[in-house]
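This report refers to the structure that appears directly beneath it.
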Amino acid sequence: MTARSATSPRRLLPAIVLLAGVGLAAGCAATATTPTTASTLSYAPLTCALDVQQNGRMVSFQGHVQANQALSGTYNLTLVGGGTNIRQGGPFSARPGETVTLGQANLSGAPDRYDAELSISVNGTTYNCASNT
C-alpha cells in the first residue's frame, strides 16, 4: 500500500467542496446589499442594513455596515416624511469583521411615516442597504 500525497485529487476534493460552500454563503450575504452599478458581484466586501425600531411613540433609524474585508468609503442616510427632511453622511472605515454604525435618528410616530434610505459607496460601487421594515 502506498501513502497518498497531501495534494492528491482525492485529498483536495473536500477542501474544494468546503470553499465552494463558503463562496455560496458569501453570495447569500451579498443579497442584503444591491450594487447599483451594472456589474454583478459574486462576493460583496460588505453587508449593510438600515435597522428600524419602534419604541412606544418613537421610532429609531440606525444604519450599520459589516466589513467582510478592510474597507473605507462614504455613506448617505436619508429620512423624509412627517415634516422631517434629514440627510446624514460622511466617510467611514472598518476592519475585517467589524460592524460600524453609520448614522442614526430618533423620531416621533410610526416607521411608515418616513421614507428611509441608506446607501454606501466603496471603491466606486454604491450599495443600497435593505431596511428591516
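In the C-alpha cells, each chain is lettered A, B, ... as it comes, each chain's residues begin at 1, and ligands are numbered from 1 in order of appearance.
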Next item on the list: Name the residues of stretch 80-132 of chain A that fall into strand (DSSP E) according to DSSP on the backbone, using the chain letters and numbers of this document, as a PyMOL selection string.
Entry: chain A and resi 80-81+84-94+99-108+115-122+125-131
Next item on the list: Write out as a ChimeraX atom specification each polymer residue whose atoms come within 6 Å of stretch 61-69 of chain A, counting only C-alpha atoms; drop sequence neighbours fewer than 3 positions from it.
Entry: /A:45-52,96-105
Note to self: With distances taken over only C-alpha atoms, which residue among A:Gln54, A:Ile120, A:Asn132, A:Arg113 lies nearest A:Ser72?
What the structure shows: A:Ile120
Next item on the list: Write out as a ChimeraX atom specification the residues lying within 7 Å of A:Ser121, counting only C-alpha atoms and excluding same-chain residues fewer than 2 positions away.
Entry: /A:73-75,119,123-127
Notebook entry, point to check: In Å to one decimal, how far is atom CA of A:Leu71 from atom CA of A:Ser131?
Noted result: 21.9 Å
